[in-house]
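Some notes on the structure that comes next.
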Amino acid sequence: MTTPVPAILAEGLTKRFGRLEVLRGIDLAVPAGRITGLVGPNAAGKTTFIKAVLGLVRPDQGSLAVLGHRVNGDERYRRQVGYMPQAASFPENLTGREVLAMVRDLRGAAVASDTTLLEQFQLEPELGKPVRTLSGGTRQKLSALVAFLFQPDLLVLDEPTAGLDPVASGIFKEKLAETRERGTTVLLASHTLAELEEVADDIVFLLDGRVRFHGPIEELRRLTGFARLERAVAALMRGDAAS
Amino acid sequence: MRTACKILGYQLRDIARNRWIIAYAVVLLALTEALFRLGGDGSRVVLSLLNVVLILVPLVALTFGTLYLYNAREFIELLLAQPVGRGSMFAGLWGGLVLPLAGALLLGVGLPFLFHARDGVVPLRSLLILLATGTLLTSAFTALAFLLALRFDDRARGFGAALLVWLMCAVVYDGVVLLVVALFADYPLETPLLVLMLLNPLDLGRVLLLLDLDVAALLGYTGAVFQHFLGTALGMGVATLALLAWTALPLALGARRFARRDF
């Protein structure tokens, strides 16, 4: 039996910004087809790791492979990657429809577009308006639509529900579950642990640029002795449990 | 290349609707129209527009260019997370800025000349050289703006550096040249002055325009040396090539920095 290739494989990944060492040797294998929650205190290295996965940040040392492709400056692997940042920013004077056309055009995607979120978020009437006139929540919905549009093999989400109302947030979480059923890998950074508890299979806990825990949520609960994820992660932060 | 053109196309659509670009075109249009109405014939209007092109165009290109890149930072991140190469992204962003800025200049200055064409003779050659110089200055100073915005992570410092570059090129530089001439009056200064002139894109723009208009009084010291040694035709050729180099060099350095930087 062969071991399945991890969706993300990082080995000895380091990154320094000036004097600040943000990643201090990340060794991590994110399994394919699961939702992995990325947690940790501020400045733990979550965003830097996500940006390294997307090729936005170049690691100083170590190796990184995404969906079997080495991340080395070649952009082609990102055809299979969807990304939703914490705060979506699009050209202010383009309409939502033009933004979607632009991303579609740039991806040259042959895959059928997944527009179910367009209907569920009821975004159609907003698509004709310039982005600058859209509310923060509507921009975030548009960003979600862009991330899911091409049915990517890997979805990288950075605090995706931060600007969404409870209804939209619920729709989003249902969509995530449905996406996992289809075999998509999801890397989800979030401070909302209740949300992760609801959708994630595994947890990666980063602290001071290192992976302190990686495993299923159940294992974290068992290790720390806390049933609630919030308490379990707090215990990890205090150093009450070792990986 | 195809990706760069696609990005350029969408950036063009975005920036062409930007109210500051529209305001820039309207100001140029109002100014040119006012110069016509104040009794100037075509040649006089071109001469009056000379300083507008030399002062306003670099200022707008530098300030708008740096702010544009800072404001687009999150959007750049989002696009670089798509299967888009950094070289294409950089080329698309720059092209998407230069074309609307140059378009605003061409429309703002060109349209009034078109309206007044029936009133008298339009100095077509001078007008074309004015517009071409304005376009070259736009491309050179937007390339510099991109380089500065990529050099300084802090928006205030980058914007300050852009203003400083403009001040150096538009104001301080002439003073430095005069100082050099005064201090080293006993030495042969022609070659150093020719080199000094190549170091200031704004000065190159001025020489390019004035050589054509043949207004020796406005050429200044460096311009006179330029004309004396190179003649009008060769001088214009050298100035054009040097201005193109002022676009290519900052652009190449900016693209290198863009390719290597972390977002």
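Each chain of the structure tokens is named A, B, ... in the order shown, its residues numbered from 1; ligands are numbered from 1 in display order.
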Taking only C-alpha atoms into account, produce a table as a tab-separated table in which each residue of chain B with an atom at most 10 Å from an atom of chain A appears once, together with its shortest atom pair and the distance in Å to one decimal, ordered by chain and rising number.
```
residue	atom	partner	partner_atom	distance
B:Arg2	CA	A:Leu106	CA	9.3
B:Thr3	CA	A:Leu106	CA	6.5
B:Ala4	CA	A:Leu106	CA	9.4
B:Lys6	CA	A:Leu106	CA	7.1
B:Ile7	CA	A:Leu106	CA	7.8
B:Gly9	CA	A:Met102	CA	9.3
B:Tyr10	CA	A:Met102	CA	6.9
B:Gln11	CA	A:Pro91	CA	7.7
B:Arg13	CA	A:Leu94	CA	7.1
B:Asp14	CA	A:Asn93	CA	4.9
B:Ile15	CA	A:Asn93	CA	7.3
B:Ala16	CA	A:Asn93	CA	8.7
B:Arg17	CA	A:Asn93	CA	6.2
B:Asn18	CA	A:Asn93	CA	6.8
B:Arg19	CA	A:Asn93	CA	9.6
B:Asn71	CA	A:Pro91	CA	9.4
B:Ala72	CA	A:Pro91	CA	7.5
B:Arg73	CA	A:Ser89	CA	8.6
B:Glu74	CA	A:Ser89	CA	5.6
B:Phe75	CA	A:Ser89	CA	5.1
B:Ile76	CA	A:Ser89	CA	8.9
B:Glu77	CA	A:Leu56	CA	7.1
B:Leu78	CA	A:Pro85	CA	7.5
B:Leu79	CA	A:Val103	CA	8.1
B:Leu80	CA	A:Leu56	CA	6.9
B:Ala81	CA	A:Leu54	CA	5.6
B:Gln82	CA	A:Arg78	CA	5.7
B:Pro83	CA	A:Arg78	CA	4.8
B:Val84	CA	A:Glu75	CA	6.0
B:Gly85	CA	A:Glu75	CA	5.7
B:Arg86	CA	A:Glu75	CA	8.6
B:Ala259	CA	A:Gly73	CA	9.0
B:Arg260	CA	A:Arg58	CA	8.0
B:Arg261	CA	A:Val57	CA	7.5
B:Asp262	CA	A:Val57	CA	4.5
B:Phe263	CA	A:Leu56	CA	5.2
```
Task: Residue contacts of region 168-178 of chain A (12 Å, only C-alpha atoms) excluding same-chain residues fewer than 4 positions away, as a count of residues only - done: 53
Just the strand (DSSP E or B) stuff from region 76-206 of chain A, please, per backbone DSSP, written as a PDB file with C-alpha atoms, in the first residue's frame.
```pdb
ATOM      1  CA  VAL A  81      -5.140  26.352  -5.510  1.00  0.00           C
ATOM      2  CA  GLY A  82      -7.936  28.646  -4.359  1.00  0.00           C
ATOM      3  CA  TYR A  83      -7.225  31.467  -1.903  1.00  0.00           C
ATOM      4  CA  MET A  84      -9.416  33.647   0.245  1.00  0.00           C
ATOM      5  CA  THR A  95     -17.663  45.672 -11.065  1.00  0.00           C
ATOM      6  CA  PRO A 130     -18.342  48.911  -8.760  1.00  0.00           C
ATOM      7  CA  LEU A 154      -6.424  22.921  -2.337  1.00  0.00           C
ATOM      8  CA  LEU A 155      -8.242  25.796  -0.668  1.00  0.00           C
ATOM      9  CA  VAL A 156      -6.227  28.187   1.486  1.00  0.00           C
ATOM     10  CA  LEU A 157      -8.445  30.328   3.687  1.00  0.00           C
ATOM     11  CA  ASP A 158      -7.198  33.045   6.022  1.00  0.00           C
ATOM     12  CA  THR A 185      -7.952  19.786   0.882  1.00  0.00           C
ATOM     13  CA  VAL A 186      -8.598  22.859   3.006  1.00  0.00           C
ATOM     14  CA  LEU A 187      -6.043  24.792   5.043  1.00  0.00           C
ATOM     15  CA  LEU A 188      -8.014  27.142   7.251  1.00  0.00           C
ATOM     16  CA  ALA A 189      -6.376  29.723   9.517  1.00  0.00           C
ATOM     17  CA  ASP A 202      -7.165  18.224  12.050  1.00  0.00           C
ATOM     18  CA  ILE A 203      -5.448  21.006  13.921  1.00  0.00           C
ATOM     19  CA  VAL A 204      -1.993  22.459  13.393  1.00  0.00           C
ATOM     20  CA  PHE A 205      -0.880  24.565  16.327  1.00  0.00           C
ATOM     21  CA  LEU A 206       1.940  26.996  15.611  1.00  0.00           C
TER      22      LEU A 206
END
```
Open item on the list: Please list as a VMD selection string every residue within 8 Å of region 64-68 of chain B, counting only C-alpha atoms and excluding residues in the same chain fewer than 6 positions away.
Closed with: chain B and resid 97 142 145 to 146 148 to 149 155 158 to 159 162
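Among A:Arg97, A:Met237, A:Val39, A:Val146, the residue with the shortest atom-to-atom distance to Glu126 (chain A), counting only C-alpha atoms, is A:Arg97.
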Give me the residues near region 193-195 of chain B as a PDB file with C-alpha atoms, in the first residue's frame, where near means some atom within 12 Å (using only C-alpha atoms) and where sequence neighbours in that chain fewer than 5 positions away do not count.
```pdb
ATOM      1  CA  TYR B 173      19.036  70.073 -10.082  1.00  0.00           C
ATOM      2  CA  ASP B 174      19.265  73.386 -11.975  1.00  0.00           C
ATOM      3  CA  VAL B 176      23.368  72.249  -8.608  1.00  0.00           C
ATOM      4  CA  VAL B 177      24.299  72.660 -12.268  1.00  0.00           C
ATOM      5  CA  LEU B 178      24.689  76.419 -11.821  1.00  0.00           C
ATOM      6  CA  LEU B 179      26.804  75.846  -8.736  1.00  0.00           C
ATOM      7  CA  VAL B 180      29.057  73.443 -10.634  1.00  0.00           C
ATOM      8  CA  VAL B 181      29.418  75.955 -13.449  1.00  0.00           C
ATOM      9  CA  PHE B 184      34.563  75.223 -11.898  1.00  0.00           C
ATOM     10  CA  ALA B 185      34.292  78.096 -14.367  1.00  0.00           C
ATOM     11  CA  TYR B 187      37.771  74.239 -16.308  1.00  0.00           C
ATOM     12  CA  PRO B 188      36.378  72.721 -19.501  1.00  0.00           C
ATOM     13  CA  ASN B 200      18.030  64.146 -15.080  1.00  0.00           C
ATOM     14  CA  PRO B 201      15.078  62.831 -17.114  1.00  0.00           C
ATOM     15  CA  ASP B 203      16.148  68.048 -18.122  1.00  0.00           C
ATOM     16  CA  LEU B 204      16.211  65.636 -21.046  1.00  0.00           C
ATOM     17  CA  VAL B 207      15.996  69.794 -24.116  1.00  0.00           C
ATOM     18  CA  GLY B 220      19.526  76.829 -20.121  1.00  0.00           C
ATOM     19  CA  TYR B 221      23.201  76.095 -19.773  1.00  0.00           C
ATOM     20  CA  THR B 222      23.044  72.338 -20.189  1.00  0.00           C
ATOM     21  CA  GLY B 223      20.641  72.598 -23.101  1.00  0.00           C
ATOM     22  CA  ALA B 224      22.895  75.101 -24.881  1.00  0.00           C
ATOM     23  CA  VAL B 225      25.900  72.814 -24.415  1.00  0.00           C
ATOM     24  CA  PHE B 226      23.814  69.944 -25.685  1.00  0.00           C
ATOM     25  CA  GLN B 227      22.786  71.819 -28.807  1.00  0.00           C
ATOM     26  CA  HIS B 228      26.277  73.185 -29.401  1.00  0.00           C
ATOM     27  CA  PHE B 229      27.953  69.798 -29.272  1.00  0.00           C
ATOM     28  CA  LEU B 230      25.364  67.492 -30.723  1.00  0.00           C
ATOM     29  CA  GLY B 235      20.730  66.071 -29.742  1.00  0.00           C
ATOM     30  CA  VAL B 238      20.382  61.271 -27.841  1.00  0.00           C
ATOM     31  CA  ALA B 239      17.805  62.879 -25.523  1.00  0.00           C
ATOM     32  CA  ALA B 242      18.412  58.673 -22.779  1.00  0.00           C
TER      33      ALA B 242
END
```
Task: Spatial neighbours of Pro31 (chain A), max dist 9 Å, only C-alpha atoms, sep filter under 6 positions, as a count of residues only - done: 7
Using only C-alpha atoms, determine which residues lie at most 12 Å from Leu114 (chain B), disregarding the query and same-chain residues fewer than 6 positions distant; provide the list as an mmCIF file with N, CA and C atoms, in the first residue's frame.
```
data_model
loop_
_atom_site.group_PDB
_atom_site.id
_atom_site.type_symbol
_atom_site.label_atom_id
_atom_site.label_comp_id
_atom_site.auth_asym_id
_atom_site.auth_seq_id
_atom_site.Cartn_x
_atom_site.Cartn_y
_atom_site.Cartn_z
ATOM 1 N N LEU B 29 -7.103 69.711 -20.087
ATOM 2 C CA LEU B 29 -8.004 70.205 -21.138
ATOM 3 C C LEU B 29 -8.387 71.656 -20.873
ATOM 4 N N THR B 32 -5.324 73.987 -21.466
ATOM 5 C CA THR B 32 -4.999 74.168 -22.891
ATOM 6 C C THR B 32 -6.051 75.056 -23.558
ATOM 7 N N GLU B 33 -7.309 74.797 -23.224
ATOM 8 C CA GLU B 33 -8.395 75.595 -23.795
ATOM 9 C C GLU B 33 -8.263 77.059 -23.352
ATOM 10 N N PHE B 36 -5.669 78.888 -25.320
ATOM 11 C CA PHE B 36 -6.187 79.261 -26.638
ATOM 12 C C PHE B 36 -7.060 80.504 -26.525
ATOM 13 N N GLY B 42 -1.499 78.538 -32.022
ATOM 14 C CA GLY B 42 -1.039 77.188 -31.713
ATOM 15 C C GLY B 42 0.392 77.135 -31.193
ATOM 16 N N LEU B 106 -2.790 62.927 -23.642
ATOM 17 C CA LEU B 106 -3.071 63.065 -25.080
ATOM 18 C C LEU B 106 -4.446 63.690 -25.308
ATOM 19 N N LEU B 107 -5.421 63.246 -24.522
ATOM 20 C CA LEU B 107 -6.775 63.800 -24.686
ATOM 21 C C LEU B 107 -6.838 65.239 -24.168
ATOM 22 N N GLY B 108 -6.285 65.447 -22.969
ATOM 23 C CA GLY B 108 -6.365 66.771 -22.339
ATOM 24 C C GLY B 108 -5.711 67.845 -23.173
ATOM 25 N N GLY B 120 -6.730 78.273 -37.101
ATOM 26 C CA GLY B 120 -5.417 78.688 -37.599
ATOM 27 C C GLY B 120 -4.531 77.488 -37.791
ATOM 28 N N VAL B 121 -3.282 77.774 -38.017
ATOM 29 C CA VAL B 121 -2.335 76.682 -38.280
ATOM 30 C C VAL B 121 -1.934 76.032 -36.961
ATOM 31 N N VAL B 122 -2.043 74.731 -36.938
ATOM 32 C CA VAL B 122 -1.585 73.991 -35.753
ATOM 33 C C VAL B 122 -0.151 73.540 -36.013
ATOM 34 N N PRO B 123 0.758 73.890 -35.108
ATOM 35 C CA PRO B 123 2.145 73.445 -35.294
ATOM 36 C C PRO B 123 2.237 71.950 -34.996
ATOM 37 N N LEU B 124 1.873 71.172 -36.001
ATOM 38 C CA LEU B 124 1.684 69.732 -35.777
ATOM 39 C C LEU B 124 2.947 69.047 -35.248
ATOM 40 N N LEU B 127 3.558 70.011 -31.666
ATOM 41 C CA LEU B 127 2.531 69.408 -30.808
ATOM 42 C C LEU B 127 2.833 67.920 -30.593
#
```
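For the atom pair formed by CA of Pro250 (chain B) and CA of Leu147 (chain B), the distance is 6.2 Å, given to one decimal.
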TODO: Run DSSP on the backbone of this structure and report the residues of region 23-56 of chain A it assigns to helix (DSSP H, G or I), as a PyMOL selection string.
DONE: chain A and resi 46-53
Can you spit out the residues from that selection as a PDB file, in the first residue's frame, using C-alpha atoms?
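File produced: result14.pdb:
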```pdb
ATOM      1  CA  LYS A  46       0.377  31.409  10.441  1.00  0.00           C
ATOM      2  CA  THR A  47       0.076  34.077   7.747  1.00  0.00           C
ATOM      3  CA  THR A  48       3.739  33.700   6.735  1.00  0.00           C
ATOM      4  CA  PHE A  49       3.254  29.952   6.357  1.00  0.00           C
ATOM      5  CA  ILE A  50       0.094  30.482   4.280  1.00  0.00           C
ATOM      6  CA  LYS A  51       1.904  33.008   2.106  1.00  0.00           C
ATOM      7  CA  ALA A  52       4.779  30.566   1.626  1.00  0.00           C
ATOM      8  CA  VAL A  53       2.268  27.926   0.455  1.00  0.00           C
TER       9      VAL A  53
END
```
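CA of Asp186 (chain B) is found 27.0 Å from CA of Thr232 (chain B).
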Open item on the list: To one decimal place in Å, what is the distance between CA of Arg210 (chain A) and CA of Leu23 (chain A)?
Closed with: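 The value is 6.5 Å.
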Task: Using only C-alpha atoms: which of B:Trp166, B:Phe258, B:Phe115, B:Trp246 has the shortest distance to Leu199 (chain B) - done: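 For Leu199 (chain B), the nearest of the given residues is B:Trp246.
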